[in-house]
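Source file entry-v9.csv; content: CSV, C-alpha atoms and all ligand atoms.
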```csv
chain,number,residue,atom,x,y,z
A,18,MET,CA,8.0,-30.2,113.6
A,19,PRO,CA,10.0,-30.6,116.8
A,20,ASP,CA,10.4,-28.4,119.8
A,21,PHE,CA,14.0,-27.3,120.0
A,22,SER,CA,16.7,-25.7,122.0
A,23,ILE,CA,19.9,-23.9,121.1
A,24,GLY,CA,23.3,-25.1,122.2
A,25,VAL,CA,26.4,-22.9,122.1
A,26,ASP,CA,30.0,-23.8,122.4
A,27,LEU,CA,31.9,-20.6,123.1
A,28,GLY,CA,35.5,-21.5,122.9
A,29,GLY,CA,38.7,-19.4,122.7
A,30,THR,CA,39.0,-20.2,119.0
A,31,ASN,CA,35.6,-21.5,117.7
A,32,LEU,CA,32.1,-20.2,118.3
A,33,ARG,CA,29.6,-22.9,117.4
A,34,ILE,CA,25.9,-22.7,117.6
A,35,ALA,CA,23.4,-25.5,117.0
A,36,ALA,CA,19.6,-26.0,117.0
A,37,VAL,CA,18.8,-29.4,118.5
A,38,SER,CA,15.4,-31.0,118.8
A,39,ARG,CA,14.1,-32.0,122.2
A,40,GLU,CA,14.8,-35.6,121.2
A,41,GLY,CA,18.4,-34.9,120.3
A,42,GLN,CA,18.3,-34.5,116.6
A,43,LEU,CA,20.7,-31.9,115.1
A,44,LEU,CA,18.6,-29.5,113.1
A,45,GLU,CA,21.4,-27.1,112.1
A,46,LYS,CA,24.9,-26.2,113.1
A,47,VAL,CA,26.8,-22.9,112.5
A,48,THR,CA,30.5,-22.6,113.1
A,49,LEU,CA,32.1,-19.1,113.5
A,50,GLY,CA,35.5,-18.0,114.7
A,51,THR,CA,35.6,-16.5,118.1
A,52,LYS,CA,37.1,-13.1,117.4
A,53,VAL,CA,38.5,-12.5,120.8
A,54,ALA,CA,40.7,-9.7,119.6
A,55,LEU,CA,37.7,-7.6,118.6
A,56,GLY,CA,36.5,-7.7,122.2
A,57,ARG,CA,33.9,-9.2,124.4
A,58,ASP,CA,30.9,-7.2,123.1
A,59,HIS,CA,31.7,-8.2,119.5
A,60,VAL,CA,31.8,-11.9,120.4
A,61,ILE,CA,28.5,-11.7,122.4
A,62,THR,CA,26.8,-9.8,119.5
A,63,GLU,CA,27.9,-12.4,116.9
A,64,MET,CA,26.7,-15.2,119.2
A,65,CYS,CA,23.3,-13.6,119.9
A,66,ASP,CA,22.8,-12.8,116.2
A,67,ALA,CA,23.4,-16.4,115.3
A,68,ILE,CA,21.1,-17.7,118.1
A,69,GLN,CA,18.4,-15.4,116.9
A,70,ARG,CA,18.7,-16.4,113.3
A,71,LEU,CA,18.5,-20.1,114.2
A,72,SER,CA,15.7,-19.7,116.7
A,73,SER,CA,13.5,-17.5,114.5
A,74,LYS,CA,13.9,-20.0,111.7
A,75,TYR,CA,12.9,-23.1,113.7
A,76,LYS,CA,10.3,-21.2,115.8
A,77,GLU,CA,8.1,-21.3,112.7
A,78,THR,CA,7.6,-25.0,113.2
A,79,GLY,CA,8.4,-25.8,116.8
A,80,LYS,CA,8.6,-24.3,120.3
A,81,PHE,CA,11.9,-22.6,121.4
A,82,LEU,CA,12.8,-24.2,124.7
A,83,GLY,CA,15.8,-22.0,125.6
A,84,ALA,CA,19.5,-21.7,125.1
A,85,GLY,CA,22.5,-23.2,126.8
A,86,VAL,CA,26.0,-21.8,126.5
A,87,GLY,CA,29.1,-23.9,127.3
A,88,ILE,CA,32.1,-21.7,128.2
A,89,PRO,CA,35.6,-22.5,129.2
A,90,GLY,CA,36.4,-21.4,132.8
A,91,ILE,CA,34.8,-21.4,136.2
A,92,VAL,CA,31.2,-20.5,135.9
A,93,ASP,CA,29.3,-19.1,138.9
A,94,LEU,CA,26.0,-20.8,138.5
A,95,LYS,CA,24.1,-18.4,140.8
A,96,THR,CA,25.1,-15.2,139.2
A,97,GLY,CA,25.7,-16.5,135.6
A,98,MET,CA,29.2,-14.9,135.7
A,99,LEU,CA,32.5,-16.2,134.6
A,100,ARG,CA,34.9,-16.2,137.6
A,101,LYS,CA,38.0,-17.3,135.7
A,102,SER,CA,38.8,-18.0,132.1
A,103,ALA,CA,42.2,-18.3,130.5
A,104,ASN,CA,40.8,-18.4,126.9
A,105,LEU,CA,38.2,-15.6,127.0
A,106,PRO,CA,39.9,-12.4,128.1
A,107,GLY,CA,37.5,-9.7,129.3
A,108,PHE,CA,34.7,-12.1,130.2
A,109,GLU,CA,35.6,-12.4,133.8
A,110,ASP,CA,33.5,-10.7,136.4
A,111,TYR,CA,31.0,-9.6,133.7
A,112,PRO,CA,27.3,-10.7,133.8
A,113,VAL,CA,27.5,-12.9,130.7
A,114,ARG,CA,24.2,-14.7,131.3
A,115,ALA,CA,22.2,-11.6,132.1
A,116,GLU,CA,23.6,-9.8,129.0
A,117,ILE,CA,22.7,-12.7,126.7
A,118,GLU,CA,19.3,-13.0,128.3
A,119,ARG,CA,18.7,-9.3,127.9
A,120,ARG,CA,19.6,-9.4,124.2
A,121,LEU,CA,17.6,-12.6,123.4
A,122,GLY,CA,14.6,-12.1,125.7
A,123,ALA,CA,14.9,-15.7,126.5
A,124,ARG,CA,16.1,-17.9,129.4
A,125,VAL,CA,19.8,-18.9,129.1
A,126,VAL,CA,21.8,-21.4,131.1
A,127,LEU,CA,25.6,-20.9,131.4
A,128,GLU,CA,27.7,-23.9,132.0
A,129,ASN,CA,31.4,-24.9,132.1
A,130,ASP,CA,32.3,-26.5,128.7
A,131,ALA,CA,33.7,-29.7,130.1
A,132,ASN,CA,30.5,-30.3,132.1
A,133,ALA,CA,28.4,-29.6,129.0
A,134,ALA,CA,30.5,-32.1,127.0
A,135,ALA,CA,29.9,-34.7,129.8
A,136,LEU,CA,26.2,-34.2,129.6
A,137,GLY,CA,26.3,-34.4,125.8
A,138,GLU,CA,28.1,-37.8,125.9
A,139,GLN,CA,25.6,-39.0,128.5
A,140,TRP,CA,22.6,-37.9,126.5
A,141,LEU,CA,23.6,-38.9,122.9
A,142,GLY,CA,27.1,-40.3,122.9
A,143,ALA,CA,29.1,-43.2,124.4
A,144,ALA,CA,27.1,-43.2,127.7
A,145,ARG,CA,23.6,-43.0,126.1
A,146,GLY,CA,21.3,-44.6,128.6
A,147,VAL,CA,23.9,-44.7,131.4
A,148,PRO,CA,22.7,-42.5,134.2
A,149,ASN,CA,26.0,-42.2,136.2
A,150,MET,CA,29.1,-41.5,134.4
A,151,ALA,CA,32.1,-39.1,134.0
A,152,VAL,CA,34.0,-37.7,131.1
A,153,VAL,CA,37.7,-37.2,131.2
A,154,THR,CA,38.8,-34.9,128.3
A,155,LEU,CA,42.5,-35.2,127.3
A,156,GLY,CA,43.5,-32.1,125.4
A,157,THR,CA,46.2,-29.5,126.1
A,158,GLY,CA,45.2,-30.1,129.7
A,159,ILE,CA,42.7,-32.5,131.3
A,160,GLY,CA,39.1,-31.5,131.7
A,161,GLY,CA,36.3,-33.4,133.3
A,162,GLY,CA,32.6,-33.6,134.2
A,163,ILE,CA,30.5,-35.9,136.3
A,164,VAL,CA,26.9,-36.8,135.5
A,165,LEU,CA,24.8,-38.4,138.3
A,166,ASP,CA,21.2,-39.5,137.6
A,167,GLY,CA,21.4,-37.8,134.2
A,168,LYS,CA,22.3,-34.4,135.7
A,169,ILE,CA,25.6,-32.6,136.0
A,170,TRP,CA,27.1,-32.9,139.4
A,171,HIS,CA,28.4,-29.4,140.2
A,172,GLY,CA,29.6,-29.8,143.7
A,173,MET,CA,29.1,-26.9,146.1
A,174,ASN,CA,29.7,-24.1,143.6
A,175,GLY,CA,30.3,-25.5,140.2
A,176,MET,CA,33.9,-26.5,140.6
A,177,ALA,CA,33.5,-30.3,140.7
A,178,GLY,CA,35.2,-32.5,138.1
A,179,GLU,CA,38.6,-30.9,138.1
A,180,PHE,CA,40.3,-34.2,137.2
A,181,GLY,CA,43.3,-32.5,135.7
A,182,HIS,CA,44.5,-31.2,139.0
A,183,VAL,CA,44.3,-34.4,141.0
A,184,THR,CA,47.8,-35.3,142.2
A,185,VAL,CA,49.2,-38.4,140.6
A,186,GLU,CA,52.9,-37.8,141.6
A,187,PRO,CA,53.5,-36.2,145.0
A,188,GLU,CA,56.9,-34.6,144.1
A,189,GLY,CA,56.1,-34.3,140.4
A,190,VAL,CA,56.2,-31.6,137.8
A,191,PRO,CA,54.9,-28.1,138.9
A,192,CYS,CA,51.5,-27.2,137.5
A,193,GLY,CA,50.0,-23.8,136.7
A,194,CYS,CA,47.5,-24.3,139.4
A,195,GLY,CA,50.2,-24.1,142.1
A,196,ASN,CA,50.3,-27.9,142.8
A,197,HIS,CA,53.0,-30.4,141.9
A,198,GLY,CA,52.4,-33.6,140.0
A,199,CYS,CA,48.9,-32.9,138.7
A,200,ALA,CA,47.4,-35.5,136.3
A,201,GLU,CA,47.4,-33.1,133.4
A,202,ARG,CA,51.2,-32.7,133.7
A,203,TYR,CA,51.4,-36.4,132.8
A,204,ALA,CA,48.5,-37.4,130.6
A,205,SER,CA,47.7,-34.6,128.1
A,206,ALA,CA,49.0,-33.2,124.8
A,207,SER,CA,51.3,-30.8,126.6
A,208,ALA,CA,52.6,-33.6,128.8
A,209,ILE,CA,53.5,-35.7,125.8
A,210,MET,CA,55.4,-32.7,124.4
A,211,ARG,CA,57.2,-32.1,127.7
A,212,MET,CA,58.3,-35.8,127.9
A,213,ALA,CA,59.5,-35.6,124.3
A,214,ARG,CA,61.5,-32.5,125.0
A,215,GLU,CA,63.0,-34.1,128.0
A,216,ALA,CA,63.9,-37.2,126.1
A,217,ILE,CA,65.5,-35.2,123.3
A,218,ALA,CA,67.4,-33.0,125.8
A,219,SER,CA,68.8,-36.1,127.5
A,220,GLY,CA,70.4,-37.1,124.2
A,221,GLU,CA,69.1,-40.6,124.5
A,222,ALA,CA,66.2,-40.3,122.0
A,223,PRO,CA,67.9,-39.6,118.6
A,224,SER,CA,64.8,-40.7,116.7
A,225,LEU,CA,62.6,-38.1,118.5
A,226,ALA,CA,65.3,-35.4,118.0
A,227,HIS,CA,65.4,-36.2,114.3
A,228,ALA,CA,61.6,-36.1,113.9
A,229,ALA,CA,61.4,-32.8,115.9
A,230,SER,CA,63.9,-31.1,113.5
A,231,ALA,CA,62.5,-32.6,110.4
A,232,ASP,CA,58.8,-32.0,111.1
A,233,ALA,CA,57.7,-28.3,111.4
A,234,GLU,CA,54.4,-29.5,112.9
A,235,PHE,CA,56.1,-31.8,115.4
A,236,GLY,CA,53.5,-32.4,118.1
A,237,ALA,CA,51.7,-35.1,120.1
A,238,LYS,CA,50.3,-36.6,116.9
A,239,SER,CA,53.8,-37.0,115.4
A,240,ILE,CA,54.9,-38.8,118.6
A,241,TYR,CA,51.9,-41.0,118.4
A,242,ASN,CA,52.7,-41.9,114.8
A,243,LEU,CA,56.2,-42.8,115.8
A,244,ALA,CA,54.9,-44.9,118.7
A,245,ILE,CA,52.6,-47.0,116.4
A,246,GLN,CA,55.6,-47.4,114.0
A,247,GLY,CA,57.4,-49.0,117.0
A,248,ASP,CA,59.7,-46.3,118.0
A,249,GLU,CA,60.8,-47.2,121.5
A,250,HIS,CA,61.2,-43.6,122.9
A,251,ALA,CA,57.7,-42.6,121.6
A,252,ARG,CA,56.2,-45.8,123.0
A,253,ARG,CA,57.8,-45.1,126.4
A,254,ILE,CA,56.1,-41.7,126.5
A,255,PHE,CA,52.7,-43.2,125.9
A,256,ARG,CA,53.3,-46.0,128.4
A,257,THR,CA,54.0,-43.2,131.0
A,258,PHE,CA,50.9,-41.4,129.8
A,259,GLY,CA,48.8,-44.5,130.2
A,260,ARG,CA,50.2,-45.3,133.6
A,261,TYR,CA,49.4,-41.9,135.0
A,262,LEU,CA,45.9,-41.8,133.4
A,263,GLY,CA,45.4,-45.2,135.0
A,264,ILE,CA,46.4,-43.8,138.4
A,265,LEU,CA,44.0,-40.9,138.0
A,266,LEU,CA,41.1,-43.2,136.9
A,267,ALA,CA,41.8,-45.7,139.7
A,268,GLY,CA,41.2,-43.0,142.2
A,269,LEU,CA,38.1,-41.8,140.5
A,270,ILE,CA,36.7,-45.4,140.3
A,271,ASN,CA,37.5,-46.1,144.0
A,272,VAL,CA,35.7,-42.9,145.0
A,273,LEU,CA,32.8,-42.8,142.6
A,274,ASN,CA,32.1,-46.4,141.5
A,275,LEU,CA,30.4,-45.1,138.3
A,276,ASP,CA,29.1,-47.2,135.5
A,277,MET,CA,31.2,-45.6,132.9
A,278,PHE,CA,34.2,-43.4,132.3
A,279,VAL,CA,34.3,-41.8,128.8
A,280,ILE,CA,37.7,-40.7,127.5
A,281,GLY,CA,37.5,-37.8,125.1
A,282,GLY,CA,39.6,-34.9,123.7
A,283,GLY,CA,42.2,-34.8,120.9
A,284,VAL,CA,44.7,-37.1,122.5
A,285,SER,CA,42.2,-39.8,123.5
A,286,SER,CA,42.4,-41.2,120.0
A,287,ALA,CA,45.9,-42.5,120.7
A,288,TRP,CA,44.1,-45.2,122.7
A,289,ASP,CA,46.0,-48.1,121.3
A,290,ALA,CA,49.3,-46.5,122.5
A,291,TYR,CA,48.2,-45.8,126.1
A,292,ALA,CA,45.2,-48.0,127.0
A,293,PRO,CA,47.1,-51.3,127.8
A,294,ASN,CA,49.2,-49.5,130.5
A,295,MET,CA,46.1,-47.6,131.7
A,296,PHE,CA,44.2,-50.9,132.2
A,297,GLU,CA,47.2,-52.6,133.8
A,298,GLU,CA,47.5,-49.7,136.3
A,299,LEU,CA,43.7,-49.8,137.0
A,300,ARG,CA,43.7,-53.5,137.9
A,301,GLU,CA,46.7,-53.0,140.2
A,302,ARG,CA,45.5,-49.9,142.0
A,303,SER,CA,41.8,-50.0,142.2
A,304,LEU,CA,40.1,-52.8,144.1
A,305,VAL,CA,36.7,-51.5,142.8
A,306,TYR,CA,38.0,-51.8,139.2
A,307,ALA,CA,39.5,-55.2,139.8
A,308,ALA,CA,36.1,-56.4,141.1
A,309,THR,CA,34.1,-54.9,138.3
A,310,ALA,CA,36.4,-55.1,135.2
A,311,PRO,CA,35.0,-56.5,132.0
A,312,ASP,CA,36.7,-59.7,130.9
A,313,ASP,CA,38.3,-58.0,127.9
A,314,PRO,CA,38.3,-54.2,128.5
A,315,LEU,CA,40.3,-53.6,125.3
A,316,GLY,CA,37.9,-55.5,123.1
A,317,ASN,CA,38.6,-58.6,121.0
A,318,ASP,CA,39.5,-57.2,117.7
A,319,SER,CA,40.3,-53.7,116.5
A,320,LEU,CA,40.2,-50.9,118.9
A,321,GLY,CA,37.8,-48.0,118.9
A,322,GLN,CA,34.3,-47.0,119.4
A,323,GLU,CA,32.6,-50.1,118.1
A,324,GLU,CA,33.9,-52.4,120.8
A,325,GLY,CA,33.3,-49.8,123.4
A,326,ALA,CA,29.6,-49.8,122.5
A,327,SER,CA,29.4,-53.6,122.5
A,328,ALA,CA,31.2,-53.8,125.9
A,329,GLN,CA,28.6,-51.2,127.1
A,330,THR,CA,25.7,-53.3,126.0
A,331,GLU,CA,27.2,-56.4,127.5
A,332,SER,CA,27.7,-54.6,130.8
A,333,ARG,CA,24.1,-53.7,131.4
A,334,SER,CA,23.1,-56.9,133.1
A,335,GLU,CA,26.6,-57.6,134.6
A,336,ARG,CA,27.3,-54.2,136.0
A,337,LYS,CA,30.9,-53.7,134.9
A,338,THR,CA,33.0,-50.6,135.0
A,339,ILE,CA,33.3,-49.5,131.4
A,340,ILE,CA,36.1,-47.2,130.2
A,341,THR,CA,35.6,-46.3,126.6
A,342,LEU,CA,36.2,-43.6,124.0
A,343,ALA,CA,33.9,-40.6,123.5
A,344,LEU,CA,31.7,-40.7,120.4
A,345,LEU,CA,30.6,-37.1,119.7
A,346,GLY,CA,34.0,-35.4,119.4
A,347,SER,CA,33.8,-31.6,119.7
A,348,ASP,CA,30.0,-31.8,119.2
A,349,ALA,CA,29.5,-33.2,122.7
A,350,GLY,CA,29.6,-29.7,124.2
A,351,LEU,CA,27.1,-28.4,121.8
A,352,TYR,CA,24.6,-31.2,122.4
A,353,GLY,CA,25.2,-30.9,126.2
A,354,ALA,CA,24.6,-27.2,126.1
A,355,ALA,CA,21.3,-27.7,124.2
A,356,ARG,CA,20.3,-30.3,126.8
A,357,ILE,CA,21.1,-28.1,129.8
A,358,SER,CA,18.7,-25.5,128.5
A,359,VAL,CA,15.9,-28.0,128.7
A,360,LEU,CA,16.9,-29.7,132.0
A,361,GLY,CA,17.9,-26.5,133.8
A,362,VAL,CA,20.8,-26.4,136.2
B,1,ZN,ZN,47.3,-28.5,138.6
```

Can I see the file as structure tokens?
Amino acid sequence: MPDFSIGVDLGGTNLRIAAVSREGQLLEKVTLGTKVALGRDHVITEMCDAIQRLSSKYKETGKFLGAGVGIPGIVDLKTGMLRKSANLPGFEDYPVRAEIERRLGARVVLENDANAAALGEQWLGAARGVPNMAVVTLGTGIGGGIVLDGKIWHGMNGMAGEFGHVTVEPEGVPCGCGNHGCAERYASASAIMRMAREAIASGEAPSLAHAASADAEFGAKSIYNLAIQGDEHARRIFRTFGRYLGILLAGLINVLNLDMFVIGGGVSSAWDAYAPNMFEELRERSLVYAATAPDDPLGNDSLGQEEGASAQTESRSERKTIITLALLGSDAGLYGAARISVLGV
């Protein structure tokens, strides 16, 4: 039976733990709620109990290689402490790694969750076999991670890959980070909602106003549904989204010239609504992309993961810049965390 490691995705809502073989086979996955309200120690106890249950079960047949924990926020790699986390109150300036190691009696690697997801996609997902790549995660905000030579690029102190706070509009919408015009103010789920609210307030988007009042769950998904049904106001929002995502990617491509950019996160699946404008912008703004673009970046037939994979295969010999959808969904971070514990930081 296989040697294995444990990957943990400790989010503000879900706590997920998986045993993964050295080769990347999922042995078992456990999903628990993160009971943040019960306090930090409760969350850590639940996590350590689950890690111990899984590891003692698979230790009977294989060697336990270690555990990796993906966590939202800025992780200090040296000290194994969380410097800043909006989703996990009470975890800041607390020796998270040391505490988990003490309880488990095993080596633990702590990593930012977006970096873990990038490594997961590089190991087993859309960028399998592609050594140099980045993941751009489109959710409530924008997350990111860069993998070079199969290892996470941390920058000086673990803060690399903050794609969401790259300026795409100099005098743009204020951002929580203190800047104006950050990418995540234009190409995320919250950006879609902001644009919808503004369109409704202007009085010029009656179809959106109607949908918002009729649909209790009105959100980015509703606006996407309207867009694919041909609603012009909804389509315009996604065109703007695609345009700004293209501006962000054009900068990243010019600077990094990576083989692949993987687009993940909840909003990424609205691909057919934003990708045409994204690619248009890329060709216009990045000389590196224009020189390395595949003939048909959107694929010949239906959109989605299949054509991303074939474009990827085709690109191997031709060295094209591939932009494609993520494949592992929310499991990317789990696999990445398991991998980190084997690779080390
Ligand atoms: Zn910002």

- Neighbour list for A:Tyr306 as an MDAnalysis selection string, cut-off 9 Å, all atoms listed in the file, skip fewer than 5 positions in-chain: chainID A and resid 267 270:271 274 299:301 337:338

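Remark: for ligand ZN 1 (chain B), the closest of the candidate residues A:Leu360, A:Tyr261, A:Leu275, A:Val190 is A:Val190 (distances computed over all atoms listed in the file).
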
So that each row is one residue of chain A with an atom at most 10 Å from ligand ZN 1 (chain B), can you give its shortest atom pair and the distance in Å to one decimal, using all atoms listed in the file, rows by chain and rising number, as a tab-separated table?
```
residue	atom	partner	partner_atom	distance
A:Gly158	CA	B:ZN1	ZN	9.3
A:Ile159	CA	B:ZN1	ZN	9.5
A:Glu179	CA	B:ZN1	ZN	9.0
A:Phe180	CA	B:ZN1	ZN	9.1
A:Gly181	CA	B:ZN1	ZN	6.4
A:His182	CA	B:ZN1	ZN	3.9
A:Val183	CA	B:ZN1	ZN	7.0
A:Thr184	CA	B:ZN1	ZN	7.7
A:Val190	CA	B:ZN1	ZN	9.5
A:Pro191	CA	B:ZN1	ZN	7.6
A:Cys192	CA	B:ZN1	ZN	4.5
A:Gly193	CA	B:ZN1	ZN	5.7
A:Cys194	CA	B:ZN1	ZN	4.3
A:Gly195	CA	B:ZN1	ZN	6.3
A:Asn196	CA	B:ZN1	ZN	5.2
A:His197	CA	B:ZN1	ZN	6.9
A:Gly198	CA	B:ZN1	ZN	7.3
A:Cys199	CA	B:ZN1	ZN	4.7
A:Ala200	CA	B:ZN1	ZN	7.4
A:Glu201	CA	B:ZN1	ZN	6.9
A:Arg202	CA	B:ZN1	ZN	7.5
```

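The two atoms in question, atom CA of A:Pro293 and atom CA of A:Gly350, are spaced 28.0 Å apart.
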
Which polymer residues have any atom within 9 Å of an atom of A:Leu121, counting all atoms listed in the file, with same-chain residues fewer than 6 positions away left out, as a compact mmCIF listing (two decimals) with C-alpha atoms, in the coordinates of the input?
```
# COMPACT_ATOMS: atom_id res chain seq x y z
CA CYS A 65 23.30 -13.60 119.90
CA ASP A 66 22.80 -12.80 116.20
CA ILE A 68 21.10 -17.70 118.10
CA GLN A 69 18.40 -15.40 116.90
```

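Note that atom CA of A:Gly87 and atom CA of A:Ala354 are 5.7 Å apart.
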
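Around the point (54.1, -44.9, 115.2), within 12 Å and counting only C-alpha atoms, we find these residues: Ser224, Leu225, Ala228, Ala237, Lys238, Ser239, Ile240, Tyr241, Asn242, Leu243, Ala244, Ile245, Gln246, Gly247, Asp248, Glu249, His250, Ala251, Arg252, Arg253, Ile254, Phe255, Ala287, Asp289 and Ala290 of chain A.
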
Could you take the residues named above and write them with C-alpha atoms, as a PDB file, in the frame of the given file?
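This is the output file out32.pdb:
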```pdb
ATOM      1  CA  SER A 224      64.800 -40.700 116.700  1.00  0.00           C
ATOM      2  CA  LEU A 225      62.600 -38.100 118.500  1.00  0.00           C
ATOM      3  CA  ALA A 228      61.600 -36.100 113.900  1.00  0.00           C
ATOM      4  CA  ALA A 237      51.700 -35.100 120.100  1.00  0.00           C
ATOM      5  CA  LYS A 238      50.300 -36.600 116.900  1.00  0.00           C
ATOM      6  CA  SER A 239      53.800 -37.000 115.400  1.00  0.00           C
ATOM      7  CA  ILE A 240      54.900 -38.800 118.600  1.00  0.00           C
ATOM      8  CA  TYR A 241      51.900 -41.000 118.400  1.00  0.00           C
ATOM      9  CA  ASN A 242      52.700 -41.900 114.800  1.00  0.00           C
ATOM     10  CA  LEU A 243      56.200 -42.800 115.800  1.00  0.00           C
ATOM     11  CA  ALA A 244      54.900 -44.900 118.700  1.00  0.00           C
ATOM     12  CA  ILE A 245      52.600 -47.000 116.400  1.00  0.00           C
ATOM     13  CA  GLN A 246      55.600 -47.400 114.000  1.00  0.00           C
ATOM     14  CA  GLY A 247      57.400 -49.000 117.000  1.00  0.00           C
ATOM     15  CA  ASP A 248      59.700 -46.300 118.000  1.00  0.00           C
ATOM     16  CA  GLU A 249      60.800 -47.200 121.500  1.00  0.00           C
ATOM     17  CA  HIS A 250      61.200 -43.600 122.900  1.00  0.00           C
ATOM     18  CA  ALA A 251      57.700 -42.600 121.600  1.00  0.00           C
ATOM     19  CA  ARG A 252      56.200 -45.800 123.000  1.00  0.00           C
ATOM     20  CA  ARG A 253      57.800 -45.100 126.400  1.00  0.00           C
ATOM     21  CA  ILE A 254      56.100 -41.700 126.500  1.00  0.00           C
ATOM     22  CA  PHE A 255      52.700 -43.200 125.900  1.00  0.00           C
ATOM     23  CA  ALA A 287      45.900 -42.500 120.700  1.00  0.00           C
ATOM     24  CA  ASP A 289      46.000 -48.100 121.300  1.00  0.00           C
ATOM     25  CA  ALA A 290      49.300 -46.500 122.500  1.00  0.00           C
TER      26      ALA A 290
END
```

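Computed from the coordinates, the atom CA of A:Phe258 to atom CA of A:Gly175 distance equals 28.0 Å.
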
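Every protein or nucleic acid residue with an atom no more than 9 Å from A:Lys168, counting only C-alpha atoms and leaving out same-chain residues fewer than 6 positions away, appears here: A:Leu136, A:Pro148, A:Asn149, A:Ile357, A:Leu360, A:Val362.
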
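Contact shell of A:Met150 at 6 Å (all atoms listed in the file; same-chain neighbours under 4 positions omitted): Val164, Leu275, Asp276, Met277 and Phe278 of chain A.
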
Quick one: residues within 10 Å of A:Val37, only C-alpha atoms counted, chain neighbours fewer than 4 positions away excluded, as a PDB file with C-alpha atoms, keeping the file's coordinate frame?
```
ATOM      1  CA  PRO A  19      10.000 -30.600 116.800  1.00  0.00           C
ATOM      2  CA  ASP A  20      10.400 -28.400 119.800  1.00  0.00           C
ATOM      3  CA  PHE A  21      14.000 -27.300 120.000  1.00  0.00           C
ATOM      4  CA  SER A  22      16.700 -25.700 122.000  1.00  0.00           C
ATOM      5  CA  ILE A  23      19.900 -23.900 121.100  1.00  0.00           C
ATOM      6  CA  GLY A  24      23.300 -25.100 122.200  1.00  0.00           C
ATOM      7  CA  GLY A  41      18.400 -34.900 120.300  1.00  0.00           C
ATOM      8  CA  GLN A  42      18.300 -34.500 116.600  1.00  0.00           C
ATOM      9  CA  LEU A  43      20.700 -31.900 115.100  1.00  0.00           C
ATOM     10  CA  LEU A  44      18.600 -29.500 113.100  1.00  0.00           C
ATOM     11  CA  GLU A  45      21.400 -27.100 112.100  1.00  0.00           C
ATOM     12  CA  LYS A  46      24.900 -26.200 113.100  1.00  0.00           C
ATOM     13  CA  TYR A  75      12.900 -23.100 113.700  1.00  0.00           C
ATOM     14  CA  LEU A 351      27.100 -28.400 121.800  1.00  0.00           C
ATOM     15  CA  TYR A 352      24.600 -31.200 122.400  1.00  0.00           C
ATOM     16  CA  ALA A 354      24.600 -27.200 126.100  1.00  0.00           C
ATOM     17  CA  ALA A 355      21.300 -27.700 124.200  1.00  0.00           C
ATOM     18  CA  ARG A 356      20.300 -30.300 126.800  1.00  0.00           C
TER      19      ARG A 356
END
```

- Among listed residues A:Ile61, A:Ala233, A:Val153, A:Leu27, nearest A:Ala135 (using only C-alpha atoms): A:Val153

Reconstruct N, CA and C atoms of stretch 164-175 of chain A; output as a tab-separated table (two decimals), in the frame of the given file.
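To be explicit, this is the file written out as part34.tsv:
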```
chain	number	residue	atom	x	y	z
A	164	VAL	N	28.36	-36.80	135.69
A	164	VAL	CA	26.90	-36.80	135.50
A	164	VAL	C	26.33	-37.87	136.46
A	165	LEU	N	25.44	-37.46	137.35
A	165	LEU	CA	24.80	-38.40	138.30
A	165	LEU	C	23.28	-38.33	138.03
A	166	ASP	N	22.67	-39.47	137.85
A	166	ASP	CA	21.20	-39.50	137.60
A	166	ASP	C	20.84	-38.62	136.41
A	167	GLY	N	21.69	-38.57	135.41
A	167	GLY	CA	21.40	-37.80	134.20
A	167	GLY	C	21.54	-36.30	134.34
A	168	LYS	N	22.09	-35.84	135.48
A	168	LYS	CA	22.30	-34.40	135.70
A	168	LYS	C	23.75	-34.11	136.06
A	169	ILE	N	24.24	-32.97	135.65
A	169	ILE	CA	25.60	-32.60	136.00
A	169	ILE	C	25.76	-32.44	137.49
A	170	TRP	N	26.82	-33.06	138.02
A	170	TRP	CA	27.10	-32.90	139.40
A	170	TRP	C	28.07	-31.67	139.53
A	171	HIS	N	27.59	-30.59	140.14
A	171	HIS	CA	28.40	-29.40	140.20
A	171	HIS	C	29.24	-29.22	141.40
A	172	GLY	N	28.95	-30.01	142.43
A	172	GLY	CA	29.60	-29.80	143.70
A	172	GLY	C	29.01	-28.53	144.34
A	173	MET	N	29.70	-27.98	145.32
A	173	MET	CA	29.10	-26.90	146.10
A	173	MET	C	28.89	-25.64	145.22
A	174	ASN	N	29.86	-25.31	144.38
A	174	ASN	CA	29.70	-24.10	143.60
A	174	ASN	C	30.15	-24.20	142.16
A	175	GLY	N	29.99	-25.39	141.60
A	175	GLY	CA	30.30	-25.50	140.20
A	175	GLY	C	31.71	-25.93	139.85
```
